$ cat data_22.cif   # mmCIF, C-alpha atoms and all ligand atoms
data_input
loop_
_atom_site.label_atom_id
_atom_site.label_comp_id
_atom_site.auth_asym_id
_atom_site.auth_seq_id
_atom_site.Cartn_x
_atom_site.Cartn_y
_atom_site.Cartn_z
CA MET A 89 9.05 5.70 47.11
CA PHE A 90 7.68 2.31 47.90
CA LYS A 91 9.00 0.05 50.58
CA ILE A 92 9.27 -3.69 50.21
CA LYS A 93 7.50 -5.18 53.18
CA LYS A 94 9.72 -7.63 55.01
CA MET A 95 8.20 -11.06 55.43
CA ASN A 96 7.44 -11.96 58.99
CA VAL A 97 7.00 -15.49 60.21
CA PHE A 98 3.90 -14.47 62.19
CA ASP A 99 2.09 -13.21 59.06
CA SER A 100 -0.63 -15.42 57.60
CA PHE A 101 -0.02 -17.40 54.41
CA GLN A 102 -2.24 -18.69 51.62
CA LEU A 103 -1.29 -22.30 50.84
CA GLY A 104 -2.84 -23.42 47.58
CA LYS A 105 -6.32 -22.26 46.67
CA THR A 106 -8.16 -23.13 49.85
CA ILE A 107 -5.85 -23.31 52.86
CA GLU A 108 -5.15 -20.19 54.90
CA LEU A 109 -2.37 -20.64 57.48
CA LYS A 110 -2.43 -18.28 60.45
CA ASN A 111 1.36 -17.98 60.47
CA ARG A 112 4.39 -19.29 58.57
CA ILE A 113 5.59 -21.72 61.19
CA VAL A 114 5.27 -25.39 60.29
CA MET A 115 5.49 -28.08 62.95
CA ALA A 116 7.85 -30.63 61.39
CA PRO A 117 6.91 -34.32 61.27
CA LEU A 118 8.19 -36.04 64.41
CA THR A 119 8.08 -39.78 65.16
CA ARG A 120 6.57 -40.18 68.64
CA CYS A 121 5.54 -43.86 68.82
CA ARG A 122 2.32 -43.37 70.82
CA ALA A 123 0.01 -45.14 68.35
CA ILE A 124 -0.61 -48.42 70.17
CA ASP A 125 -1.35 -51.14 67.56
CA ASN A 126 -0.57 -48.50 64.90
CA ILE A 127 -3.92 -46.77 65.52
CA PRO A 128 -4.08 -42.99 66.16
CA ASN A 129 -5.73 -42.39 69.55
CA ASP A 130 -7.15 -39.77 71.93
CA LEU A 131 -3.74 -39.10 73.51
CA MET A 132 -2.39 -38.20 70.08
CA ALA A 133 -5.41 -35.96 69.44
CA LYS A 134 -4.59 -34.09 72.65
CA TYR A 135 -0.89 -33.75 71.67
CA TYR A 136 -1.70 -32.28 68.27
CA GLN A 137 -4.43 -30.04 69.70
CA GLN A 138 -1.89 -28.58 72.15
CA ARG A 139 0.33 -27.63 69.19
CA ALA A 140 -2.39 -26.25 66.89
CA SER A 141 -1.10 -22.67 67.01
CA ALA A 142 1.47 -23.67 64.38
CA GLY A 143 0.42 -22.33 60.98
CA LEU A 144 0.56 -25.91 59.71
CA ILE A 145 1.16 -29.19 61.52
CA ILE A 146 2.76 -32.00 59.54
CA SER A 147 1.97 -35.22 61.36
CA GLU A 148 4.45 -37.88 62.32
CA GLY A 149 5.26 -40.37 59.56
CA THR A 150 2.19 -42.52 58.92
CA SER A 151 2.24 -45.62 56.81
CA PRO A 152 -0.06 -45.94 53.80
CA SER A 153 0.51 -49.71 53.91
CA PRO A 154 0.95 -52.53 56.45
CA ASN A 155 4.22 -53.15 54.58
CA GLY A 156 5.48 -49.70 55.56
CA ILE A 157 5.38 -49.99 59.37
CA GLY A 158 9.09 -49.78 60.11
CA TYR A 159 8.98 -48.62 63.72
CA PRO A 160 7.05 -49.72 66.80
CA ARG A 161 3.79 -47.84 67.46
CA ILE A 162 3.83 -45.57 64.40
CA PRO A 163 0.36 -44.86 63.00
CA GLY A 164 -1.04 -46.14 59.75
CA ALA A 165 -3.75 -44.89 57.38
CA TYR A 166 -4.87 -48.14 55.75
CA SER A 167 -7.58 -49.48 58.10
CA ASP A 168 -11.01 -48.19 59.13
CA GLU A 169 -9.90 -47.81 62.76
CA GLN A 170 -6.88 -45.77 61.72
CA ILE A 171 -8.99 -43.43 59.60
CA THR A 172 -11.43 -42.99 62.51
CA GLY A 173 -8.46 -42.12 64.74
CA TRP A 174 -7.20 -39.55 62.23
CA LYS A 175 -10.66 -37.97 62.12
CA LYS A 176 -10.47 -37.32 65.87
CA ILE A 177 -7.07 -35.70 65.38
CA ALA A 178 -8.28 -33.54 62.48
CA ASP A 179 -11.30 -32.42 64.53
CA SER A 180 -9.20 -31.55 67.58
CA VAL A 181 -6.70 -29.50 65.55
CA HIS A 182 -9.50 -27.74 63.65
CA SER A 183 -11.28 -26.91 66.92
CA GLU A 184 -8.26 -24.68 67.71
CA GLY A 185 -8.21 -23.12 64.25
CA GLY A 186 -5.17 -25.16 63.16
CA LYS A 187 -4.38 -27.05 59.96
CA ILE A 188 -2.88 -30.50 59.64
CA PHE A 189 -1.34 -32.54 56.82
CA VAL A 190 -0.62 -36.23 57.43
CA GLN A 191 2.82 -37.32 56.34
CA LEU A 192 2.67 -40.58 54.39
CA MET A 193 5.81 -42.52 55.25
CA HIS A 194 6.40 -45.98 53.83
CA THR A 195 9.58 -47.12 55.52
CA GLY A 196 10.60 -49.64 52.83
CA ARG A 197 13.81 -51.38 53.93
CA ILE A 198 14.17 -49.33 57.15
CA THR A 199 12.42 -51.88 59.30
CA ALA A 200 12.74 -55.09 61.28
CA LYS A 201 10.39 -58.06 61.03
CA ALA A 202 9.49 -57.62 64.72
CA ASN A 203 7.92 -54.21 63.96
CA MET A 204 5.87 -55.38 60.98
CA PRO A 205 2.29 -56.69 61.16
CA ASP A 206 1.77 -60.37 60.29
CA GLY A 207 1.62 -61.25 56.62
CA THR A 208 3.59 -58.23 55.44
CA VAL A 209 6.66 -58.06 53.23
CA THR A 210 9.69 -55.75 53.44
CA LEU A 211 9.90 -53.97 50.11
CA ALA A 212 12.59 -51.79 48.54
CA PRO A 213 13.74 -50.83 45.05
CA SER A 214 16.60 -53.34 45.30
CA SER A 215 17.42 -56.22 47.60
CA ILE A 216 20.11 -54.36 49.57
CA ILE A 217 20.08 -54.35 53.37
CA ALA A 218 20.49 -50.89 54.94
CA ALA A 219 23.49 -50.51 57.24
CA GLY A 220 22.67 -49.81 60.85
CA GLU A 221 20.08 -51.09 63.28
CA MET A 222 16.40 -50.71 64.02
CA PHE A 223 14.84 -50.48 67.47
CA THR A 224 12.14 -52.98 68.38
CA GLU A 225 10.18 -53.58 71.58
CA THR A 226 12.91 -56.04 72.61
CA GLY A 227 16.03 -54.12 71.60
CA MET A 228 18.14 -53.16 68.60
CA VAL A 229 18.38 -55.55 65.63
CA ALA A 230 19.87 -55.42 62.12
CA HIS A 231 17.59 -54.02 59.41
CA ASP A 232 15.52 -56.58 57.56
CA SER A 233 16.58 -57.92 54.19
CA PRO A 234 14.21 -56.35 51.64
CA LYS A 235 12.63 -57.87 48.55
CA ALA A 236 13.20 -55.95 45.32
CA MET A 237 9.79 -54.68 44.22
CA THR A 238 8.24 -56.16 41.10
CA LEU A 239 6.46 -53.85 38.68
CA ASP A 240 3.16 -55.12 40.09
CA GLU A 241 4.30 -54.28 43.61
CA ILE A 242 5.29 -50.79 42.46
CA VAL A 243 1.78 -50.19 41.15
CA SER A 244 0.03 -51.70 44.17
CA THR A 245 2.20 -49.67 46.56
CA GLN A 246 1.47 -46.45 44.66
CA ASN A 247 -2.18 -47.32 44.92
CA GLU A 248 -1.85 -47.66 48.70
CA TYR A 249 -0.65 -44.05 48.84
CA VAL A 250 -3.61 -42.95 46.72
CA VAL A 251 -6.19 -44.79 48.83
CA ALA A 252 -4.70 -43.57 52.13
CA ALA A 253 -4.58 -39.96 50.87
CA LYS A 254 -8.17 -40.12 49.65
CA ARG A 255 -9.51 -41.54 52.89
CA LEU A 256 -7.53 -39.12 55.07
CA VAL A 257 -8.90 -36.11 53.20
CA ASN A 258 -12.42 -37.27 52.34
CA GLU A 259 -13.31 -39.39 55.38
CA ALA A 260 -11.08 -38.06 58.17
CA GLY A 261 -11.16 -34.37 57.17
CA ILE A 262 -7.36 -34.01 57.14
CA ASP A 263 -6.29 -30.84 55.24
CA GLY A 264 -3.76 -32.55 52.96
CA ILE A 265 -0.94 -35.06 52.82
CA GLU A 266 2.83 -34.90 52.60
CA LEU A 267 4.72 -37.56 50.67
CA HIS A 268 7.80 -38.54 52.65
CA ALA A 269 10.55 -38.74 50.05
CA ALA A 270 13.32 -37.87 52.54
CA ASN A 271 15.51 -39.42 55.22
CA GLY A 272 16.11 -42.81 53.64
CA TYR A 273 12.56 -44.21 53.55
CA LEU A 274 10.97 -45.91 50.53
CA MET A 275 10.65 -42.93 48.17
CA ASN A 276 14.18 -41.78 49.03
CA GLN A 277 15.40 -45.36 48.50
CA PHE A 278 14.22 -45.10 44.91
CA MET A 279 15.87 -41.71 44.37
CA ASN A 280 19.26 -42.50 45.89
CA PRO A 281 21.79 -44.47 43.80
CA LYS A 282 23.09 -46.33 46.87
CA SER A 283 19.80 -48.14 47.53
CA ASN A 284 18.50 -48.28 43.95
CA ARG A 285 20.45 -50.58 41.64
CA ARG A 286 17.52 -51.40 39.37
CA GLU A 287 18.09 -51.87 35.67
CA ASP A 288 14.51 -51.26 34.58
CA GLN A 289 12.63 -47.95 34.12
CA TYR A 290 12.78 -47.30 37.90
CA GLY A 291 16.58 -47.22 38.26
CA GLY A 292 19.72 -45.73 36.72
CA SER A 293 19.07 -42.35 35.11
CA ILE A 294 17.67 -39.29 36.85
CA GLU A 295 14.32 -39.82 35.13
CA ASN A 296 14.22 -43.44 36.25
CA ARG A 297 15.25 -42.90 39.88
CA THR A 298 12.61 -40.19 40.32
CA ARG A 299 9.89 -42.10 38.47
CA PHE A 300 8.37 -43.85 41.49
CA VAL A 301 8.07 -40.55 43.39
CA LEU A 302 6.75 -38.52 40.46
CA GLU A 303 4.22 -41.12 39.36
CA THR A 304 2.94 -41.44 42.92
CA ALA A 305 2.74 -37.66 43.37
CA LYS A 306 0.74 -37.37 40.15
CA LYS A 307 -1.65 -40.18 41.08
CA VAL A 308 -2.26 -38.77 44.56
CA ALA A 309 -2.69 -35.22 43.21
CA ASP A 310 -5.17 -36.43 40.59
CA GLU A 311 -7.19 -38.05 43.36
CA ILE A 312 -7.30 -35.36 46.08
CA GLY A 313 -6.20 -32.18 44.28
CA SER A 314 -2.62 -31.02 43.79
CA ASP A 315 -2.96 -28.17 46.30
CA LYS A 316 -3.50 -30.75 49.05
CA VAL A 317 -0.26 -32.61 48.32
CA GLY A 318 3.19 -31.64 49.52
CA ILE A 319 6.47 -33.56 49.49
CA ARG A 320 9.51 -33.74 51.78
CA VAL A 321 13.01 -34.27 50.42
CA SER A 322 16.48 -34.39 52.02
CA PRO A 323 19.20 -33.45 49.54
CA TYR A 324 22.68 -34.30 50.91
CA GLY A 325 21.05 -36.48 53.55
CA ALA A 326 23.02 -39.46 54.82
CA TYR A 327 20.58 -40.73 57.45
CA ASN A 328 19.44 -44.35 57.05
CA ASP A 329 22.37 -45.33 54.84
CA MET A 330 21.80 -42.89 51.99
CA GLN A 331 24.70 -41.62 49.86
CA SER A 332 24.93 -37.94 50.80
CA ASP A 333 26.53 -36.56 47.65
CA TYR A 334 26.61 -38.14 44.20
CA GLU A 335 27.40 -36.92 40.73
CA ALA A 336 23.82 -36.48 39.56
CA LEU A 337 22.53 -34.90 42.78
CA GLU A 338 22.02 -31.39 41.42
CA GLY A 339 20.45 -32.72 38.22
CA THR A 340 18.19 -35.02 40.21
CA PHE A 341 16.76 -32.22 42.32
CA ILE A 342 16.46 -29.79 39.39
CA TYR A 343 14.53 -32.39 37.42
CA LEU A 344 12.39 -33.34 40.42
CA ALA A 345 11.54 -29.69 41.20
CA ARG A 346 10.58 -28.95 37.57
CA GLU A 347 8.44 -32.06 37.28
CA LEU A 348 6.72 -31.34 40.61
CA ALA A 349 6.02 -27.81 39.35
CA LYS A 350 4.17 -29.31 36.38
CA ILE A 351 2.00 -31.29 38.81
CA GLU A 352 1.49 -28.01 40.76
CA LEU A 353 2.18 -29.59 44.12
CA ALA A 354 1.31 -27.47 47.18
CA TYR A 355 4.89 -27.35 48.41
CA ILE A 356 8.36 -28.87 48.55
CA HIS A 357 9.60 -29.32 52.11
CA ILE A 358 13.39 -29.52 52.36
CA VAL A 359 14.74 -31.12 55.52
CA ASP A 360 18.17 -29.81 56.38
CA GLN A 361 19.95 -32.86 57.77
CA ARG A 362 22.99 -30.83 58.85
CA VAL A 363 21.29 -30.03 62.12
CA ALA A 364 19.31 -32.85 63.71
CA PHE A 365 20.87 -35.67 61.65
CA GLY A 366 24.53 -34.60 61.47
CA ALA A 367 24.80 -34.75 57.66
CA PRO A 368 27.88 -33.29 55.91
CA ASP A 369 27.79 -29.70 54.68
CA PHE A 370 26.08 -28.97 51.38
CA THR A 371 28.27 -28.56 48.29
CA LEU A 372 25.71 -26.33 46.55
CA ASP A 373 22.95 -23.98 47.77
CA ILE A 374 20.47 -26.72 47.02
CA LYS A 375 17.54 -24.99 48.74
CA LYS A 376 17.88 -22.02 46.40
CA ILE A 377 18.29 -24.32 43.39
CA ILE A 378 15.10 -26.19 44.28
CA LYS A 379 13.19 -22.92 44.83
CA GLU A 380 14.33 -21.51 41.47
CA ASN A 381 13.32 -24.63 39.61
CA PHE A 382 10.03 -25.21 41.43
CA GLN A 383 8.82 -21.61 41.74
CA GLY A 384 6.13 -22.73 44.17
CA VAL A 385 6.01 -22.84 47.95
CA VAL A 386 9.18 -24.12 49.62
CA ILE A 387 9.45 -24.97 53.33
CA SER A 388 12.76 -25.30 55.10
CA GLY A 389 14.40 -24.80 58.46
CA GLY A 390 17.06 -26.38 60.60
CA ASP A 391 18.08 -25.10 64.03
CA VAL A 392 15.25 -22.55 64.22
CA ASN A 393 14.57 -21.55 67.82
CA SER A 394 13.92 -17.80 67.58
CA GLU A 395 11.89 -15.29 65.57
CA GLU A 396 15.13 -13.95 64.13
CA LYS A 397 16.27 -17.33 62.79
CA ALA A 398 12.80 -18.01 61.39
CA ASN A 399 12.72 -14.69 59.57
CA ALA A 400 16.21 -15.34 58.18
CA ILE A 401 14.80 -18.41 56.37
CA LEU A 402 12.05 -16.25 54.85
CA ALA A 403 14.58 -13.55 53.93
CA SER A 404 16.58 -16.19 52.03
CA GLY A 405 13.62 -16.48 49.64
CA LEU A 406 11.78 -19.46 51.10
CA ASP A 407 8.12 -19.35 52.12
CA LEU A 408 7.50 -21.33 55.31
CA VAL A 409 9.73 -22.36 58.20
CA TYR A 410 9.68 -25.76 59.85
CA VAL A 411 10.52 -26.28 63.50
CA GLY A 412 10.88 -29.78 64.92
CA ARG A 413 12.21 -30.69 68.35
CA PRO A 414 11.35 -27.36 70.08
CA PHE A 415 7.67 -28.21 69.43
CA ILE A 416 8.03 -31.39 71.52
CA SER A 417 8.75 -29.52 74.74
CA ASN A 418 7.03 -26.19 73.95
CA PRO A 419 3.46 -26.83 72.81
CA ASN A 420 2.87 -23.05 72.71
CA LEU A 421 6.02 -22.50 70.67
CA VAL A 422 4.53 -19.79 68.44
CA GLU A 423 3.61 -17.65 71.44
CA LYS A 424 7.04 -18.22 72.98
CA LEU A 425 8.84 -17.14 69.80
CA GLN A 426 6.59 -14.10 69.61
CA ASN A 427 7.37 -13.10 73.19
CA ASN A 428 10.99 -14.20 73.03
CA THR A 429 10.42 -16.47 76.04
CA GLU A 430 13.07 -19.02 76.89
CA LEU A 431 12.36 -22.47 75.46
CA VAL A 432 12.12 -25.66 77.50
CA ALA A 433 14.59 -28.37 76.39
CA PRO A 434 13.04 -31.72 75.38
CA ASP A 435 13.81 -34.96 77.21
CA MET A 436 15.20 -37.35 74.59
CA ASP A 437 14.55 -40.40 76.78
CA THR A 438 10.80 -40.00 76.23
CA PHE A 439 10.84 -39.19 72.49
CA TYR A 440 9.67 -42.70 71.55
CA SER A 441 8.22 -44.14 74.77
CA PRO A 442 4.54 -45.17 74.80
CA SER A 443 3.02 -42.98 77.54
CA GLU A 444 1.87 -39.40 78.04
CA ILE A 445 5.09 -38.64 79.95
CA GLY A 446 7.27 -36.41 77.79
CA TYR A 447 4.39 -36.12 75.32
CA THR A 448 1.36 -34.15 76.52
CA ASP A 449 2.75 -33.03 79.90
CA TYR A 450 5.13 -30.25 78.80
C1 LIG A 501 12.83 -41.63 63.15
O1 LIG A 501 11.86 -42.17 63.68
O2 LIG A 501 13.97 -41.70 63.61
C2 LIG A 501 12.62 -40.85 61.94
C3 LIG A 501 11.45 -41.01 61.24
C4 LIG A 501 11.24 -40.27 60.11
C5 LIG A 501 12.21 -39.41 59.67
C6 LIG A 501 13.37 -39.24 60.36
C7 LIG A 501 13.57 -39.97 61.50
O3 LIG A 501 12.01 -38.71 58.57
#
$ encode --input "data_22.cif" --output "structure tokens"
Amino acid sequence: MFKIKKMNVFDSFQLGKTIELKNRIVMAPLTRCRAIDNIPNDLMAKYYQQRASAGLIISEGTSPSPNGIGYPRIPGAYSDEQITGWKKIADSVHSEGGKIFVQLMHTGRITAKANMPDGTVTLAPSSIIAAGEMFTETGMVAHDSPKAMTLDEIVSTQNEYVVAAKRLVNEAGIDGIELHAANGYLMNQFMNPKSNRREDQYGGSIENRTRFVLETAKKVADEIGSDKVGIRVSPYGAYNDMQSDYEALEGTFIYLARELAKIELAYIHIVDQRVAFGAPDFTLDIKKIIKENFQGVVISGGDVNSEEKANAILASGLDLVYVGRPFISNPNLVEKLQNNTELVAPDMDTFYSPSEIGYTDY
């Protein structure tokens, strides 16, 4: 008789051809707003180094373009200084035997002029203002009114992703990049029918709404290698004024997963907005549907704060488990889960403040 070995979250994992993860716990991308002038710094290198026992760190959302800086003090990856800053972070994580992907987040219409560098333009698939407000250094303001992207702007924006990815991997030594196509930012704005009312080849049908994302994924993969490119999606997400459920949702994610499989992307990362973002319950088992249609590595999570909950995600057929907020206040989270030690609760008041308090002092 043979026994099927149960997957354990503390087992190592081969991601793509070249990346060996020491365990199956992924530190989720978390906006922390410590990048003064949008440049990654030594304090950030220390923060990521402290958390390098995760199998894989996905960095906070990082803009590939000056046009994609939606929040105060988020990092970019489009200037020489930013790439130098990312190199320090890559080196500090690697010195602890960790791995790090940078998440490329272009915020599109989720921004306010006050947060954007001079000379930039707020871009989105359509000229529709997102409901809700954005925080700035001087308080909350309505979201900016975006300009509908021209075909030239679509190509130049895709190229910004390619250049940022190439520099992060080749110059900064980052292990790979994650395309942020979730949570209502630019790529999600193209996919969701509420924010995309285009009548050209980038709007309307499933093929058209996913075109911006798929073309960009292909271009980035061709440049740095498909096994260094992952993607994050948020089916049923409502955060940042997205329509949670829509008629073509299942078809959209089936098509996206199959097309991403053809590009042989390193992984699909599914954020479960039911937990941290209060999204409505899912109508379908969309994680399973995506896994079946992708057949590659799928990361998911949501409310994971114990070894048992992490292993339940693996037992459901997925490959890696993301953990977000517990990593903020428990830098040695992996060890704590292993020893079943009680977790420290994070202080929400310092999630987005500029200093080391509530950042590297847990
Ligand atoms: C946020 O800063 O609130 C934020 C950023 C990126 C996300 C989700 C939330 O994907």
$ residues_near_ligand --input "data_22.cif" --ligand "ligand LIG 501 (chain A)" --cutoff "8 Å" --atoms "all atoms listed in the file" --output "PyMOL selection string"
chain A and resi 117-120+148-149+159+193+268+270-273+327
$ residues_around --input "data_22.cif" --residues "Ala398 (chain A)" --least-positions-apart "4" --cutoff "8 Å" --atoms "only C-alpha atoms" --output "PyMOL selection string"
chain A and resi 97+389+392-394+402+409
$ atom_distance --input "data_22.cif" --atom1 "CA of Asp391 (chain A)" --atom2 "CA of Met115 (chain A)"
13.0 Å
$ atom_distance --input "data_22.cif" --atom1 "CA of Asn96 (chain A)" --atom2 "CA of Gly143 (chain A)"
12.7 Å
$ atom_distance --input "data_22.cif" --atom1 "CA of Gly158 (chain A)" --atom2 "CA of Arg320 (chain A)"
18.1 Å
$ closest_residue --input "data_22.cif" --among "A:Ala200, A:Leu337, A:Ala349, A:Leu109" --to "Gly227 (chain A)" --atoms "all atoms listed in the file"
A:Ala200
$ residues_around --input "data_22.cif" --residues "Ala260 (chain A)" --least-positions-apart "5" --cutoff "6 Å" --atoms "all atoms listed in the file" --output "list in words"
Ile171, Trp174 and Lys175 of chain A
$ residues_around --input "data_22.cif" --residues "Ser167 (chain A)" --least-positions-apart "6" --cutoff "10 Å" --atoms "only C-alpha atoms" --output "list in words"
Asn126, Ile127, Pro152, Ser153, Pro154, Gly173, Ala252 and Arg255 of chain A
$ write_last_selection --input "data_22.cif" --atoms "C-alpha atoms" --output "tab-separated table (two decimals), in the coordinates of the input"
chain	number	residue	atom	x	y	z
A	126	ASN	CA	-0.57	-48.50	64.90
A	127	ILE	CA	-3.92	-46.77	65.52
A	152	PRO	CA	-0.06	-45.94	53.80
A	153	SER	CA	0.51	-49.71	53.91
A	154	PRO	CA	0.95	-52.53	56.45
A	173	GLY	CA	-8.46	-42.12	64.74
A	252	ALA	CA	-4.70	-43.57	52.13
A	255	ARG	CA	-9.51	-41.54	52.89
$ residues_around --input "data_22.cif" --residues "region 315-318 of chain A" --least-positions-apart "6" --cutoff "8 Å" --atoms "all atoms listed in the file" --output "list in words"
Leu103, Gly104, Lys105, Asp263, Gly264, Ile265, Glu266, Leu267, Ala305, Val308, Ala309, Glu352, Leu353, Ala354, Tyr355, Ile356 and His357 of chain A
$ residues_around --input "data_22.cif" --residues "Leu274 (chain A)" --least-positions-apart "2" --cutoff "8 Å" --atoms "only C-alpha atoms" --output "list in words"
Met193, His194, Thr195, Gly196, Arg197, Ala212, Pro213, Ala269, Gly272, Asn276, Gln277 and Phe278 of chain A
$ closest_residue --input "data_22.cif" --among "A:Gly292, A:Gly313, A:Gly339, A:Gly390" --to "Ala253 (chain A)" --atoms "only C-alpha atoms"
A:Gly313
$ closest_residue --input "data_22.cif" --among "A:Ile162, A:Ala326, A:Leu302, A:Ile107" --to "Arg122 (chain A)" --atoms "only C-alpha atoms"
A:Ile162
$ residues_near_point --input "data_22.cif" --point "(6.4, -28.7, 76.3)" --cutoff "9 Å" --atoms "only C-alpha atoms" --output "ChimeraX atom specification"
/A:414-421,431-434,446-450
$ closest_residue --input "data_22.cif" --among "A:Tyr166, A:Phe365, A:Tyr324, A:Phe101" --to "Val385 (chain A)" --atoms "only C-alpha atoms"
A:Phe101
$ closest_residue --input "data_22.cif" --among "A:Met132, A:Gly156, A:Leu239, A:Ile312" --to "Val257 (chain A)" --atoms "all atoms listed in the file"
A:Ile312
$ closest_residue --input "data_22.cif" --among "A:Thr224, A:Thr438, A:Ser147, A:Asn296" --to "Ile188 (chain A)" --atoms "all atoms listed in the file"
A:Ser147
$ residues_near_point --input "data_22.cif" --point "(28.9, -35.0, 46.4)" --cutoff "10 Å" --atoms "all atoms listed in the file" --output "PyMOL selection string"
chain A and resi 324+331-338+368-372
